[in-house]
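> Take a look at the following structure, please.
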Amino acid sequence: MLLTETVNKIGVLDQQAMAKAKERLDNLIKPPGSLGQLERVAVRLAGISGQPRPHIGKRVVIVMAGDHGVVDEGVSAAPRDVTWQMLPTFIKGVAGIGVLARHAGASITVVDVGVAADVDIPGVLKRRVRAGTGNIAAGPAMTREEAVAALEVGIDVALAEIAGGATLLALGDMGIGNTTPSSAILAVLGGYSAGEVTGRGTMINDEVLEKKRQAVARALEINRPNPFDGVDVLAKVGGLEIAGLAGVVLGCASKRVPVLVDGFITAAAALIAAAIKPEAKNYMLASHLSGEHGHGLMLELLGLTPMLHMGMRLGEGTGAALAMHIIDAACRVLDEMVTFEEAGVMDMEEEMLHKED
Ligand SMILES: Cc1cc2ncn([C@H]3O[C@H](COP(=O)(O)O)[C@@H](O)[C@H]3O)c2cc1C
Ligand SMILES: O=C(O)c1cccnc1
């Protein structure tokens, strides 16, 4: 089975490459640690790739799309059909992710893992496991077999991109209603109540927010997901695009390729991947802190520090695409800055010794 095979390949970070990267950063012509998180990102990339001076070349944003039965509860400000209607705009490069991916030199791969409408959109990879999930406020989102199939779609897509030369993948989501299952996932895996994790998604009003909280509470009550079984949580209160994205994380981790987590929905997918295989967290980088309430709690559970604080709350992979600029900057600093020795600049320790003389 592709899932088991992939999970078994996921291991620890390369400590030797990290130590070498850290040593070089400490010897560059600057006070130690003065480039802050940029340095920590560079060290993490070294540990992921196993290269003391990592190079990021081809990068791809993978946008997974799926629909959600829970939309019937009136939890979103947008109608279900917006899910499929957005897909051609991704392909044309005119949506938020189109612009930001282009700006970051990334291509976009759009995958239909579970759109409800009977449509075929040119340019979209059709890997539909089922036409939308069941309503989680009334029963499970999908069967365990469907959850595994959707996870494997994600693994398959990630492995194909990596085989095609991608050295960095970013997660993007499209699915009206998907902040509801994402809230439910956070509640189960973080041990929170529905009230603590449910936010405004597409900027819903107070009345809709209350309905959404109740839908999340009912989803937890009716389905009783097992927090120690990531696939069970995914099948009972997840989503098809969330499953696909969790699969992308596992695929990247199995190939030692860094994966950029975007906002609330992709972080829910990252939580599922981490519940399936805790070491998968090693290969994740948090791009930004979303404006969606609860995203910070997810990143905390994952042990990730976001690079950007932009108040973005769109999804689609937009925050992840923007953070690619930081990834590039981190690699270039590590590779292109010179050491005290290379520059013939007296290093700080040496100077201290002189002062003591
Ligand atoms: C036009 C439009 C474009 C989007 N692109 C991403 N989302 C984001 O909003 C949705 C989640 O919010 P909720 O759970 O409140 O429905 C997802 O599709 C997510 O990708 C969009 C939403 C809309 C309306
Ligand atoms: O954090 C996100 O990515 C997000 C938040 C609200 C709606 N859609 C996406």
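To be explicit about the labels: the chains of the structure tokens are called A, B, and onward in the order shown, and within each one the residues are counted from 1, while ligands get numbers from 1 in the order they are shown.
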Around ligand 1, at most 6 Å away and counting only C-alpha atoms and all ligand atoms, which residues are there? Put them as a PyMOL selection string, please.
chain A and resi 76-78+173-180+201-202+314-316
> Write out as an mmCIF file with C-alpha atoms, in the first residue's frame the residues lying within 9 Å of Val124 (chain A), counting only C-alpha atoms and excluding same-chain residues fewer than 3 positions away.

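What follows is the written file result-v8.cif:
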data_model
loop_
_atom_site.group_PDB
_atom_site.id
_atom_site.type_symbol
_atom_site.label_atom_id
_atom_site.label_comp_id
_atom_site.auth_asym_id
_atom_site.auth_seq_id
_atom_site.Cartn_x
_atom_site.Cartn_y
_atom_site.Cartn_z
ATOM 1 C CA LEU A 87 -10.589 26.345 -10.664
ATOM 2 C CA PRO A 88 -10.363 27.859 -14.188
ATOM 3 C CA ILE A 91 -5.365 27.604 -14.357
ATOM 4 C CA THR A 109 -0.835 22.106 -10.097
ATOM 5 C CA VAL A 110 -4.579 21.993 -9.473
ATOM 6 C CA VAL A 111 -6.095 18.679 -8.385
ATOM 7 C CA ASP A 112 -9.792 17.832 -8.133
ATOM 8 C CA ASP A 120 -14.331 18.588 -16.153
ATOM 9 C CA ILE A 121 -12.066 21.601 -16.133
#
> Using only C-alpha atoms, which of the listed residues (A:Lys281, A:Arg80, A:Lys236, A:His288) sits closest to Ala253 (chain A)?
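Checking each candidate against Ala253 (chain A), we get A:Lys281 as the closest.
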> Using the chain letters and numbers from this document, which residues of region 94-228 of chain A does DSSP assign to alpha helix (DSSP H), as a PyMOL selection string?
chain A and resi 96-103+144-163+179-190+194-197+206-223
> Within 7 Å of region 333-338 of chain A, counting only C-alpha atoms, which residues show up once you throw out same-chain ones fewer than 3 positions away? Write them as a PDB file with C-alpha atoms, in the first residue's frame, please.

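Generated output (out.pdb):
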ATOM      1  CA  LEU A  25      26.124  30.866   9.466  1.00  0.00           C
ATOM      2  CA  LEU A  28      29.557  34.707   8.200  1.00  0.00           C
ATOM      3  CA  ILE A  29      30.456  38.397   8.441  1.00  0.00           C
ATOM      4  CA  ALA A  42      18.326  27.963   6.362  1.00  0.00           C
ATOM      5  CA  ARG A  53      24.219  24.674   1.474  1.00  0.00           C
ATOM      6  CA  ALA A 329      16.581  34.686   0.782  1.00  0.00           C
ATOM      7  CA  ALA A 330      17.566  32.167   3.484  1.00  0.00           C
ATOM      8  CA  GLU A 342      37.066  34.528   3.328  1.00  0.00           C
ATOM      9  CA  ALA A 343      36.586  38.296   3.644  1.00  0.00           C
TER      10      ALA A 343
END
> Select from region 215-306 of chain A everything DSSP, run on the backbone, classes as strand (DSSP E), then give the selection as a count of residues only.
6
> Neighbours of Val237 (chain A) within 6 Å (only C-alpha atoms; same-chain residues fewer than 5 positions away dropped), as a ChimeraX atom specification?
/A:136,141,181
> Those same residues, written as a compact mmCIF listing (two decimals), in the first residue's frame with C-alpha atoms?

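The new file selection03.txt reads:
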# COMPACT_ATOMS: atom_id res chain seq x y z
CA ILE A 136 -20.01 15.90 9.17
CA ALA A 141 -17.25 12.83 5.95
CA PRO A 181 -13.84 20.43 9.02
> Restricting the calculation to only C-alpha atoms, which member of A:Gly139, A:Ala160, A:Val257, A:Val249 is positioned closest to Glu221 (chain A)?
A:Gly139
> Counting only C-alpha atoms and all ligand atoms, figure out which residue out of A:Val153, A:Ala106, A:Val75, A:Leu38 gets nearest to ligand 2.
A:Val75
